[in-house]
>>> print(open('model_27.cif').read())   # mmCIF, C-alpha atoms and all ligand atoms
data_run
loop_
_atom_site.group_PDB
_atom_site.id
_atom_site.type_symbol
_atom_site.label_atom_id
_atom_site.label_comp_id
_atom_site.auth_asym_id
_atom_site.auth_seq_id
_atom_site.Cartn_x
_atom_site.Cartn_y
_atom_site.Cartn_z
ATOM 1 C CA MET A 1 0.990 22.160 -0.948
ATOM 2 C CA ALA A 2 3.294 20.077 -3.063
ATOM 3 C CA VAL A 3 2.079 17.327 -5.370
ATOM 4 C CA GLU A 4 3.483 14.047 -4.038
ATOM 5 C CA ARG A 5 3.432 10.380 -4.955
ATOM 6 C CA THR A 6 2.831 7.457 -2.632
ATOM 7 C CA LEU A 7 2.739 3.709 -3.070
ATOM 8 C CA ALA A 8 -0.298 1.827 -1.841
ATOM 9 C CA ILE A 9 -0.381 -1.949 -1.719
ATOM 10 C CA LEU A 10 -3.760 -3.622 -1.383
ATOM 11 C CA LYS A 11 -2.497 -6.567 0.636
ATOM 12 C CA PRO A 12 -3.374 -10.277 0.270
ATOM 13 C CA ASP A 13 -6.132 -9.999 2.925
ATOM 14 C CA CYS A 14 -7.735 -7.174 0.895
ATOM 15 C CA VAL A 15 -7.704 -9.368 -2.220
ATOM 16 C CA ARG A 16 -8.988 -12.464 -0.343
ATOM 17 C CA LYS A 17 -11.848 -10.492 1.229
ATOM 18 C CA GLU A 18 -12.809 -9.166 -2.241
ATOM 19 C CA LEU A 19 -12.340 -5.578 -1.126
ATOM 20 C CA ILE A 20 -10.222 -4.307 -4.038
ATOM 21 C CA GLY A 21 -13.112 -2.296 -5.496
ATOM 22 C CA ASP A 22 -14.213 -0.858 -2.137
ATOM 23 C CA VAL A 23 -10.702 0.297 -1.238
ATOM 24 C CA LEU A 24 -9.986 1.775 -4.671
ATOM 25 C CA ARG A 25 -13.340 3.628 -4.507
ATOM 26 C CA ARG A 26 -12.331 5.214 -1.189
ATOM 27 C CA ILE A 27 -8.913 6.130 -2.565
ATOM 28 C CA GLN A 28 -10.421 7.804 -5.622
ATOM 29 C CA ASP A 29 -13.163 9.507 -3.594
ATOM 30 C CA ALA A 30 -10.381 11.007 -1.456
ATOM 31 C CA GLY A 31 -8.958 12.679 -4.559
ATOM 32 C CA PHE A 32 -5.980 10.467 -5.385
ATOM 33 C CA THR A 33 -5.040 9.944 -9.031
ATOM 34 C CA ILE A 34 -4.062 6.379 -9.970
ATOM 35 C CA LEU A 35 -0.884 6.478 -12.090
ATOM 36 C CA GLY A 36 -0.099 2.761 -11.957
ATOM 37 C CA LEU A 37 -1.920 -0.379 -10.867
ATOM 38 C CA ARG A 38 -1.269 -4.083 -11.217
ATOM 39 C CA MET A 39 -1.882 -7.387 -9.501
ATOM 40 C CA THR A 40 1.075 -9.563 -8.566
ATOM 41 C CA ARG A 41 2.034 -12.328 -6.200
ATOM 42 C CA LEU A 42 5.260 -11.510 -4.374
ATOM 43 C CA SER A 43 7.766 -14.265 -3.729
ATOM 44 C CA LYS A 44 9.036 -14.462 -0.146
ATOM 45 C CA ARG A 45 12.303 -12.956 -1.386
ATOM 46 C CA GLU A 46 10.512 -10.039 -3.080
ATOM 47 C CA ALA A 47 8.505 -9.354 0.084
ATOM 48 C CA GLU A 48 11.745 -9.410 2.108
ATOM 49 C CA GLY A 49 13.287 -6.948 -0.348
ATOM 50 C CA PHE A 50 10.343 -4.576 -0.196
ATOM 51 C CA TYR A 51 10.270 -4.609 3.614
ATOM 52 C CA ALA A 52 14.077 -4.699 4.063
ATOM 53 C CA VAL A 53 13.864 -1.744 6.474
ATOM 54 C CA HIS A 54 12.066 -4.060 8.948
ATOM 55 C CA LYS A 55 14.647 -6.874 8.717
ATOM 56 C CA GLY A 56 15.600 -8.033 12.199
ATOM 57 C CA LYS A 57 12.279 -7.070 13.761
ATOM 58 C CA ALA A 58 10.251 -9.747 15.545
ATOM 59 C CA PHE A 59 7.416 -9.551 13.010
ATOM 60 C CA PHE A 60 9.608 -9.642 9.864
ATOM 61 C CA ASP A 61 9.025 -13.323 9.061
ATOM 62 C CA GLU A 62 5.296 -13.110 9.771
ATOM 63 C CA LEU A 63 5.026 -9.960 7.642
ATOM 64 C CA THR A 64 6.898 -11.319 4.625
ATOM 65 C CA THR A 65 5.168 -14.723 4.823
ATOM 66 C CA PHE A 66 1.803 -12.954 4.822
ATOM 67 C CA MET A 67 2.741 -10.571 2.018
ATOM 68 C CA SER A 68 3.773 -13.526 -0.155
ATOM 69 C CA SER A 69 0.715 -15.638 0.782
ATOM 70 C CA GLY A 70 -1.417 -14.531 -2.171
ATOM 71 C CA PRO A 71 -1.836 -11.836 -4.785
ATOM 72 C CA CYS A 72 -1.605 -8.171 -3.867
ATOM 73 C CA VAL A 73 -2.300 -4.961 -5.808
ATOM 74 C CA PRO A 74 0.406 -2.273 -5.825
ATOM 75 C CA VAL A 75 -0.988 1.134 -6.799
ATOM 76 C CA ALA A 76 1.065 4.251 -7.579
ATOM 77 C CA LEU A 77 -0.861 7.336 -6.459
ATOM 78 C CA GLU A 78 -0.490 11.086 -6.896
ATOM 79 C CA LYS A 79 -2.106 13.972 -5.044
ATOM 80 C CA GLU A 80 -1.221 17.170 -3.236
ATOM 81 C CA ASN A 81 0.124 16.170 0.184
ATOM 82 C CA ALA A 82 -0.260 12.499 -0.812
ATOM 83 C CA ILE A 83 1.924 10.959 1.903
ATOM 84 C CA ALA A 84 0.105 12.441 4.908
ATOM 85 C CA ASP A 85 -3.333 12.365 3.291
ATOM 86 C CA PHE A 86 -3.035 8.696 2.383
ATOM 87 C CA ARG A 87 -1.894 7.739 5.861
ATOM 88 C CA ALA A 88 -4.874 9.653 7.274
ATOM 89 C CA LEU A 89 -7.198 7.825 4.879
ATOM 90 C CA ILE A 90 -5.967 4.355 5.882
ATOM 91 C CA GLY A 91 -5.564 4.992 9.629
ATOM 92 C CA ALA A 92 -3.093 3.681 12.203
ATOM 93 C CA THR A 93 -1.089 0.510 11.506
ATOM 94 C CA ASN A 94 -2.999 -1.299 14.244
ATOM 95 C CA PRO A 95 -6.664 -1.319 13.192
ATOM 96 C CA LYS A 96 -7.704 -1.242 16.865
ATOM 97 C CA GLU A 97 -6.057 2.186 17.083
ATOM 98 C CA ALA A 98 -7.214 3.427 13.678
ATOM 99 C CA ALA A 99 -9.636 6.363 13.646
ATOM 100 C CA GLU A 100 -13.264 5.631 12.889
ATOM 101 C CA GLY A 101 -14.087 5.713 9.189
ATOM 102 C CA THR A 102 -10.555 4.909 8.049
ATOM 103 C CA ILE A 103 -9.925 1.980 5.724
ATOM 104 C CA ARG A 104 -8.093 -0.064 8.355
ATOM 105 C CA SER A 105 -10.706 0.657 11.029
ATOM 106 C CA ASP A 106 -13.476 -0.513 8.724
ATOM 107 C CA PHE A 107 -11.833 -3.488 7.009
ATOM 108 C CA ALA A 108 -8.673 -4.727 8.776
ATOM 109 C CA GLY A 109 -8.512 -7.669 11.156
ATOM 110 C CA SER A 110 -5.150 -7.237 12.864
ATOM 111 C CA ILE A 111 -1.883 -5.297 12.849
ATOM 112 C CA GLY A 112 -0.335 -7.960 10.612
ATOM 113 C CA GLU A 113 -3.268 -8.243 8.221
ATOM 114 C CA ASN A 114 -4.163 -4.582 7.882
ATOM 115 C CA ILE A 115 -5.527 -4.431 4.315
ATOM 116 C CA VAL A 116 -3.312 -1.714 2.859
ATOM 117 C CA HIS A 117 0.208 -0.312 2.918
ATOM 118 C CA GLY A 118 1.118 3.355 2.430
ATOM 119 C CA SER A 119 4.554 4.967 2.057
ATOM 120 C CA ASP A 120 5.798 6.905 5.082
ATOM 121 C CA SER A 121 7.763 9.640 3.261
ATOM 122 C CA VAL A 122 8.183 11.172 -0.200
ATOM 123 C CA ALA A 123 11.638 9.595 -0.542
ATOM 124 C CA ASN A 124 10.413 6.130 0.464
ATOM 125 C CA GLY A 125 7.379 6.561 -1.779
ATOM 126 C CA GLN A 126 9.682 7.025 -4.769
ATOM 127 C CA VAL A 127 11.777 3.979 -3.855
ATOM 128 C CA GLU A 128 8.660 1.874 -3.250
ATOM 129 C CA ILE A 129 6.969 2.963 -6.502
ATOM 130 C CA ASN A 130 10.146 2.038 -8.367
ATOM 131 C CA TYR A 131 9.972 -1.435 -6.782
ATOM 132 C CA PHE A 132 6.828 -2.156 -8.779
ATOM 133 C CA PHE A 133 6.565 0.306 -11.670
ATOM 134 C CA ASP A 134 8.607 1.587 -14.577
ATOM 135 C CA GLN A 135 8.742 5.394 -14.311
ATOM 136 C CA ALA A 136 7.937 5.763 -18.023
ATOM 137 C CA THR A 137 4.595 3.969 -17.652
ATOM 138 C CA LEU A 138 3.582 6.338 -14.841
ATOM 139 C CA VAL A 139 4.337 9.373 -16.994
ATOM 140 C CA ALA A 140 2.329 7.816 -19.839
ATOM 141 C CA ASN A 141 -0.602 7.243 -17.462
ATOM 142 C CA GLU A 142 -0.865 10.861 -16.312
ATOM 143 C CA PRO A 143 -4.464 11.961 -16.922
ATOM 144 C CA VAL A 144 -5.174 14.359 -19.789
ATOM 145 C CA GLY A 145 -7.944 16.917 -19.987
HETATM 146 P P1 LIG B 201 2.829 -1.588 6.585
HETATM 147 O O1 LIG B 201 2.302 -0.211 6.501
HETATM 148 O O2 LIG B 201 2.730 -2.439 5.372
HETATM 149 O O3 LIG B 201 4.367 -1.518 7.031
HETATM 150 C C1 LIG B 201 4.987 -2.531 7.775
HETATM 151 C C2 LIG B 201 4.035 -3.585 8.216
HETATM 152 O O4 LIG B 201 4.497 -4.400 9.264
HETATM 153 C C3 LIG B 201 2.807 -2.926 8.795
HETATM 154 O O5 LIG B 201 2.058 -2.340 7.771
HETATM 155 C C4 LIG B 201 2.154 -4.048 9.544
HETATM 156 O O6 LIG B 201 1.254 -4.798 8.743
HETATM 157 C C5 LIG B 201 3.337 -4.924 9.895
HETATM 158 N N1 LIG B 201 3.559 -4.899 11.340
HETATM 159 C C6 LIG B 201 3.926 -3.854 12.087
HETATM 160 N N2 LIG B 201 3.999 -4.219 13.385
HETATM 161 C C7 LIG B 201 3.637 -5.531 13.434
HETATM 162 C C8 LIG B 201 3.515 -6.460 14.471
HETATM 163 N N3 LIG B 201 3.773 -6.122 15.742
HETATM 164 N N4 LIG B 201 3.134 -7.716 14.157
HETATM 165 C C9 LIG B 201 2.887 -8.055 12.868
HETATM 166 N N5 LIG B 201 3.008 -7.202 11.821
HETATM 167 C C10 LIG B 201 3.366 -5.948 12.116
#
>>> encode(input="model_27.cif", output="structure tokens")
Amino acid sequence: MAVERTLAILKPDCVRKELIGDVLRRIQDAGFTILGLRMTRLSKREAEGFYAVHKGKAFFDELTTFMSSGPCVPVALEKENAIADFRALIGATNPKEAAEGTIRSDFAGSIGENIVHGSDSVANGQVEINYFFDQATLVANEPVG
């Protein structure tokens, strides 16, 4: 299996509920390597840019208002099969449909406030990682030993 990168965002509800540590623990226990991590508060415009693919959808304003409502934690991750494995770890977008034991099933309140984002393809993962991280810092953060 190929080594892939994915972008996680621990969303404002995750930060407000003080679940950053719990979610990062699960991510690391699942074998993901953290290559980049920071806390930031997105402006409405930045949230609209990140989610541009959803522009025009009924939930776009709600989504971007929520994502700019408080700090979030973008995390660049690497693992074999990272895209599919991360989506399996977090569960379905709607926490009511998320499999038992997944992050969204255990922690999320609604489809809008669903604790964590994960990239849906290798190509989008690269674009999304570049939205938050300088490629050179990720290379510098690769684990040694
Ligand atoms: P995410 O993985 O960050 O990608 C797009 C987000 O849009 C998704 O998680 C949901 O939080 C949000 N979303 C999708 N569908 C709806 C909806 N019907 N109402 C509100 N938010 C939604």
>>> residues_around(input="model_27.cif", residues="A:Asn114", least_positions_apart="5", cutoff="12 Å", atoms="only C-alpha atoms", output="list in words")
Ile9, Leu10, Lys11, Pro12, Asp13, Cys14, Val15, Lys17, Leu63, Phe66, Met67, Ile90, Gly91, Ala92, Thr93, Asn94, Pro95, Lys96, Glu97, Ala98, Thr102, Ile103, Arg104, Ser105, Asp106, Phe107, Ala108 and Gly109 of chain A
>>> write_last_selection(input="model_27.cif", atoms="C-alpha atoms", output="mmCIF file, in the frame of the given file")
data_model
loop_
_atom_site.group_PDB
_atom_site.id
_atom_site.type_symbol
_atom_site.label_atom_id
_atom_site.label_comp_id
_atom_site.auth_asym_id
_atom_site.auth_seq_id
_atom_site.Cartn_x
_atom_site.Cartn_y
_atom_site.Cartn_z
ATOM 1 C CA ILE A 9 -0.381 -1.949 -1.719
ATOM 2 C CA LEU A 10 -3.760 -3.622 -1.383
ATOM 3 C CA LYS A 11 -2.497 -6.567 0.636
ATOM 4 C CA PRO A 12 -3.374 -10.277 0.270
ATOM 5 C CA ASP A 13 -6.132 -9.999 2.925
ATOM 6 C CA CYS A 14 -7.735 -7.174 0.895
ATOM 7 C CA VAL A 15 -7.704 -9.368 -2.220
ATOM 8 C CA LYS A 17 -11.848 -10.492 1.229
ATOM 9 C CA LEU A 63 5.026 -9.960 7.642
ATOM 10 C CA PHE A 66 1.803 -12.954 4.822
ATOM 11 C CA MET A 67 2.741 -10.571 2.018
ATOM 12 C CA ILE A 90 -5.967 4.355 5.882
ATOM 13 C CA GLY A 91 -5.564 4.992 9.629
ATOM 14 C CA ALA A 92 -3.093 3.681 12.203
ATOM 15 C CA THR A 93 -1.089 0.510 11.506
ATOM 16 C CA ASN A 94 -2.999 -1.299 14.244
ATOM 17 C CA PRO A 95 -6.664 -1.319 13.192
ATOM 18 C CA LYS A 96 -7.704 -1.242 16.865
ATOM 19 C CA GLU A 97 -6.057 2.186 17.083
ATOM 20 C CA ALA A 98 -7.214 3.427 13.678
ATOM 21 C CA THR A 102 -10.555 4.909 8.049
ATOM 22 C CA ILE A 103 -9.925 1.980 5.724
ATOM 23 C CA ARG A 104 -8.093 -0.064 8.355
ATOM 24 C CA SER A 105 -10.706 0.657 11.029
ATOM 25 C CA ASP A 106 -13.476 -0.513 8.724
ATOM 26 C CA PHE A 107 -11.833 -3.488 7.009
ATOM 27 C CA ALA A 108 -8.673 -4.727 8.776
ATOM 28 C CA GLY A 109 -8.512 -7.669 11.156
#
>>> residues_near_ligand(input="model_27.cif", ligand="ligand LIG 201 (chain B)", cutoff="7 Å", atoms="all atoms listed in the file", output="VMD selection string")
chain A and resid 59 62 to 63 93 111 to 114 116 to 118
>>> resolve_selection(input="model_27.cif", expression="the PyMOL selection byres (((chain A and resi 138-143) around 12) and not hetatm)", output="PyMOL selection string")
chain A and resi 5+32-37+75-79+126+129-130+132-137+144-145
>>> closest_residue(input="model_27.cif", among="A:Ala123, A:Val23, A:Val53, A:Ala99", to="A:Ile83", atoms="all atoms listed in the file")
A:Ala123
>>> resolve_selection(input="model_27.cif", expression="the PyMOL selection byres (((chain A and resi 3) around 7) and not hetatm)", output="MDAnalysis selection string")
chainID A and resid 1:2 4 78:81
>>> write_last_selection(input="model_27.cif", atoms="C-alpha atoms", output="PDB file, in the coordinates of the input")
ATOM      1  CA  MET A   1       0.990  22.160  -0.948  1.00  0.00           C
ATOM      2  CA  ALA A   2       3.294  20.077  -3.063  1.00  0.00           C
ATOM      3  CA  GLU A   4       3.483  14.047  -4.038  1.00  0.00           C
ATOM      4  CA  GLU A  78      -0.490  11.086  -6.896  1.00  0.00           C
ATOM      5  CA  LYS A  79      -2.106  13.972  -5.044  1.00  0.00           C
ATOM      6  CA  GLU A  80      -1.221  17.170  -3.236  1.00  0.00           C
ATOM      7  CA  ASN A  81       0.124  16.170   0.184  1.00  0.00           C
TER       8      ASN A  81
END
>>> closest_residue(input="model_27.cif", among="A:Asp61, A:Asp22, A:Glu128, A:Asp29", to="A:Leu7", atoms="only C-alpha atoms")
A:Glu128
>>> atom_distance(input="model_27.cif", atom1="atom CA of A:Arg87", atom2="atom CA of A:Arg25")
16.0 Å
>>> resolve_selection(input="model_27.cif", expression="the PyMOL selection byres (((chain A and resi 44) around 7) and not hetatm)", output="ChimeraX atom specification")
/A:42-43,45-48,64-65,68
>>> atom_distance(input="model_27.cif", atom1="atom CA of A:Tyr131", atom2="atom CA of A:Leu24")
20.3 Å
>>> atom_distance(input="model_27.cif", atom1="atom CA of A:Lys55", atom2="atom CA of A:Val73")
22.4 Å
>>> decode(input="model_27.cif", residues="stretch 2-39 of chain A", atoms="N, CA and C atoms", output="PDB file, in the first residue's frame")
ATOM      1  N   ALA A   2       0.386   2.254  -0.682  1.00  0.00           N
ATOM      2  CA  ALA A   2       1.180   3.476  -0.805  1.00  0.00           C
ATOM      3  C   ALA A   2       1.081   4.339   0.455  1.00  0.00           C
ATOM      4  N   VAL A   3       2.198   5.009   0.763  1.00  0.00           N
ATOM      5  CA  VAL A   3       2.172   5.998   1.843  1.00  0.00           C
ATOM      6  C   VAL A   3       1.471   7.244   1.310  1.00  0.00           C
ATOM      7  N   GLU A   4       0.488   7.719   2.045  1.00  0.00           N
ATOM      8  CA  GLU A   4      -0.311   8.879   1.630  1.00  0.00           C
ATOM      9  C   GLU A   4      -0.324   9.924   2.744  1.00  0.00           C
ATOM     10  N   ARG A   5      -0.737  11.130   2.339  1.00  0.00           N
ATOM     11  CA  ARG A   5      -0.924  12.201   3.325  1.00  0.00           C
ATOM     12  C   ARG A   5      -2.373  12.659   3.303  1.00  0.00           C
ATOM     13  N   THR A   6      -2.870  13.027   4.464  1.00  0.00           N
ATOM     14  CA  THR A   6      -4.231  13.552   4.565  1.00  0.00           C
ATOM     15  C   THR A   6      -4.222  14.738   5.504  1.00  0.00           C
ATOM     16  N   LEU A   7      -5.179  15.641   5.302  1.00  0.00           N
ATOM     17  CA  LEU A   7      -5.318  16.760   6.232  1.00  0.00           C
ATOM     18  C   LEU A   7      -6.497  16.500   7.157  1.00  0.00           C
ATOM     19  N   ALA A   8      -6.214  16.529   8.451  1.00  0.00           N
ATOM     20  CA  ALA A   8      -7.278  16.538   9.454  1.00  0.00           C
ATOM     21  C   ALA A   8      -7.449  17.968   9.930  1.00  0.00           C
ATOM     22  N   ILE A   9      -8.675  18.348  10.242  1.00  0.00           N
ATOM     23  CA  ILE A   9      -8.890  19.580  11.013  1.00  0.00           C
ATOM     24  C   ILE A   9      -9.718  19.203  12.234  1.00  0.00           C
ATOM     25  N   LEU A  10      -9.163  19.453  13.418  1.00  0.00           N
ATOM     26  CA  LEU A  10      -9.957  19.341  14.637  1.00  0.00           C
ATOM     27  C   LEU A  10     -10.769  20.640  14.695  1.00  0.00           C
ATOM     28  N   LYS A  11     -12.070  20.490  14.525  1.00  0.00           N
ATOM     29  CA  LYS A  11     -12.942  21.646  14.279  1.00  0.00           C
ATOM     30  C   LYS A  11     -13.231  22.434  15.573  1.00  0.00           C
ATOM     31  N   PRO A  12     -13.844  23.615  15.430  1.00  0.00           N
ATOM     32  CA  PRO A  12     -14.101  24.446  16.619  1.00  0.00           C
ATOM     33  C   PRO A  12     -14.885  23.732  17.721  1.00  0.00           C
ATOM     34  N   ASP A  13     -15.779  22.802  17.381  1.00  0.00           N
ATOM     35  CA  ASP A  13     -16.506  22.075  18.443  1.00  0.00           C
ATOM     36  C   ASP A  13     -15.559  21.160  19.211  1.00  0.00           C
ATOM     37  N   CYS A  14     -14.576  20.580  18.516  1.00  0.00           N
ATOM     38  CA  CYS A  14     -13.569  19.722  19.155  1.00  0.00           C
ATOM     39  C   CYS A  14     -12.751  20.538  20.158  1.00  0.00           C
ATOM     40  N   VAL A  15     -12.368  21.751  19.745  1.00  0.00           N
ATOM     41  CA  VAL A  15     -11.580  22.618  20.628  1.00  0.00           C
ATOM     42  C   VAL A  15     -12.429  23.056  21.821  1.00  0.00           C
ATOM     43  N   ARG A  16     -13.682  23.477  21.558  1.00  0.00           N
ATOM     44  CA  ARG A  16     -14.565  23.961  22.638  1.00  0.00           C
ATOM     45  C   ARG A  16     -14.866  22.867  23.661  1.00  0.00           C
ATOM     46  N   LYS A  17     -15.001  21.634  23.180  1.00  0.00           N
ATOM     47  CA  LYS A  17     -15.308  20.515  24.093  1.00  0.00           C
ATOM     48  C   LYS A  17     -14.055  19.962  24.781  1.00  0.00           C
ATOM     49  N   GLU A  18     -12.909  20.592  24.519  1.00  0.00           N
ATOM     50  CA  GLU A  18     -11.625  20.181  25.119  1.00  0.00           C
ATOM     51  C   GLU A  18     -11.278  18.729  24.786  1.00  0.00           C
ATOM     52  N   LEU A  19     -11.462  18.406  23.504  1.00  0.00           N
ATOM     53  CA  LEU A  19     -11.212  17.042  23.042  1.00  0.00           C
ATOM     54  C   LEU A  19      -9.963  16.921  22.165  1.00  0.00           C
ATOM     55  N   ILE A  20      -9.159  17.985  22.099  1.00  0.00           N
ATOM     56  CA  ILE A  20      -7.976  17.936  21.223  1.00  0.00           C
ATOM     57  C   ILE A  20      -7.098  16.732  21.582  1.00  0.00           C
ATOM     58  N   GLY A  21      -6.810  16.570  22.861  1.00  0.00           N
ATOM     59  CA  GLY A  21      -5.924  15.485  23.297  1.00  0.00           C
ATOM     60  C   GLY A  21      -6.501  14.107  22.994  1.00  0.00           C
ATOM     61  N   ASP A  22      -7.812  13.957  23.272  1.00  0.00           N
ATOM     62  CA  ASP A  22      -8.467  12.653  23.035  1.00  0.00           C
ATOM     63  C   ASP A  22      -8.411  12.277  21.556  1.00  0.00           C
ATOM     64  N   VAL A  23      -8.692  13.253  20.687  1.00  0.00           N
ATOM     65  CA  VAL A  23      -8.734  12.955  19.252  1.00  0.00           C
ATOM     66  C   VAL A  23      -7.330  12.701  18.718  1.00  0.00           C
ATOM     67  N   LEU A  24      -6.357  13.485  19.157  1.00  0.00           N
ATOM     68  CA  LEU A  24      -4.977  13.232  18.709  1.00  0.00           C
ATOM     69  C   LEU A  24      -4.485  11.867  19.197  1.00  0.00           C
ATOM     70  N   ARG A  25      -4.876  11.473  20.410  1.00  0.00           N
ATOM     71  CA  ARG A  25      -4.489  10.147  20.936  1.00  0.00           C
ATOM     72  C   ARG A  25      -5.006   9.048  20.015  1.00  0.00           C
ATOM     73  N   ARG A  26      -6.288   9.166  19.614  1.00  0.00           N
ATOM     74  CA  ARG A  26      -6.876   8.148  18.735  1.00  0.00           C
ATOM     75  C   ARG A  26      -6.166   8.121  17.381  1.00  0.00           C
ATOM     76  N   ILE A  27      -5.833   9.304  16.885  1.00  0.00           N
ATOM     77  CA  ILE A  27      -5.153   9.387  15.587  1.00  0.00           C
ATOM     78  C   ILE A  27      -3.781   8.714  15.674  1.00  0.00           C
ATOM     79  N   GLN A  28      -3.051   8.992  16.743  1.00  0.00           N
ATOM     80  CA  GLN A  28      -1.727   8.380  16.880  1.00  0.00           C
ATOM     81  C   GLN A  28      -1.829   6.884  17.166  1.00  0.00           C
ATOM     82  N   ASP A  29      -2.804   6.488  17.968  1.00  0.00           N
ATOM     83  CA  ASP A  29      -2.991   5.053  18.246  1.00  0.00           C
ATOM     84  C   ASP A  29      -3.323   4.283  16.967  1.00  0.00           C
ATOM     85  N   ALA A  30      -3.928   4.971  15.999  1.00  0.00           N
ATOM     86  CA  ALA A  30      -4.279   4.321  14.729  1.00  0.00           C
ATOM     87  C   ALA A  30      -3.090   4.279  13.769  1.00  0.00           C
ATOM     88  N   GLY A  31      -1.950   4.794  14.198  1.00  0.00           N
ATOM     89  CA  GLY A  31      -0.728   4.638  13.410  1.00  0.00           C
ATOM     90  C   GLY A  31      -0.390   5.791  12.492  1.00  0.00           C
ATOM     91  N   PHE A  32      -1.076   6.917  12.635  1.00  0.00           N
ATOM     92  CA  PHE A  32      -0.763   8.079  11.796  1.00  0.00           C
ATOM     93  C   PHE A  32       0.430   8.837  12.381  1.00  0.00           C
ATOM     94  N   THR A  33       1.289   9.323  11.495  1.00  0.00           N
ATOM     95  CA  THR A  33       2.402  10.182  11.894  1.00  0.00           C
ATOM     96  C   THR A  33       2.002  11.637  11.692  1.00  0.00           C
ATOM     97  N   ILE A  34       2.189  12.455  12.726  1.00  0.00           N
ATOM     98  CA  ILE A  34       1.879  13.887  12.631  1.00  0.00           C
ATOM     99  C   ILE A  34       3.079  14.613  12.022  1.00  0.00           C
ATOM    100  N   LEU A  35       2.870  15.205  10.844  1.00  0.00           N
ATOM    101  CA  LEU A  35       3.954  15.951  10.174  1.00  0.00           C
ATOM    102  C   LEU A  35       3.815  17.458  10.381  1.00  0.00           C
ATOM    103  N   GLY A  36       2.612  17.900  10.703  1.00  0.00           N
ATOM    104  CA  GLY A  36       2.380  19.327  10.931  1.00  0.00           C
ATOM    105  C   GLY A  36       1.171  19.500  11.809  1.00  0.00           C
ATOM    106  N   LEU A  37       1.209  20.516  12.686  1.00  0.00           N
ATOM    107  CA  LEU A  37       0.084  20.737  13.595  1.00  0.00           C
ATOM    108  C   LEU A  37       0.116  22.188  14.059  1.00  0.00           C
ATOM    109  N   ARG A  38      -1.001  22.859  13.997  1.00  0.00           N
ATOM    110  CA  ARG A  38      -1.045  24.208  14.563  1.00  0.00           C
ATOM    111  C   ARG A  38      -2.468  24.572  14.925  1.00  0.00           C
ATOM    112  N   MET A  39      -2.619  25.582  15.751  1.00  0.00           N
ATOM    113  CA  MET A  39      -3.947  26.077  16.088  1.00  0.00           C
ATOM    114  C   MET A  39      -4.130  27.425  15.400  1.00  0.00           C
TER     115      MET A  39
END
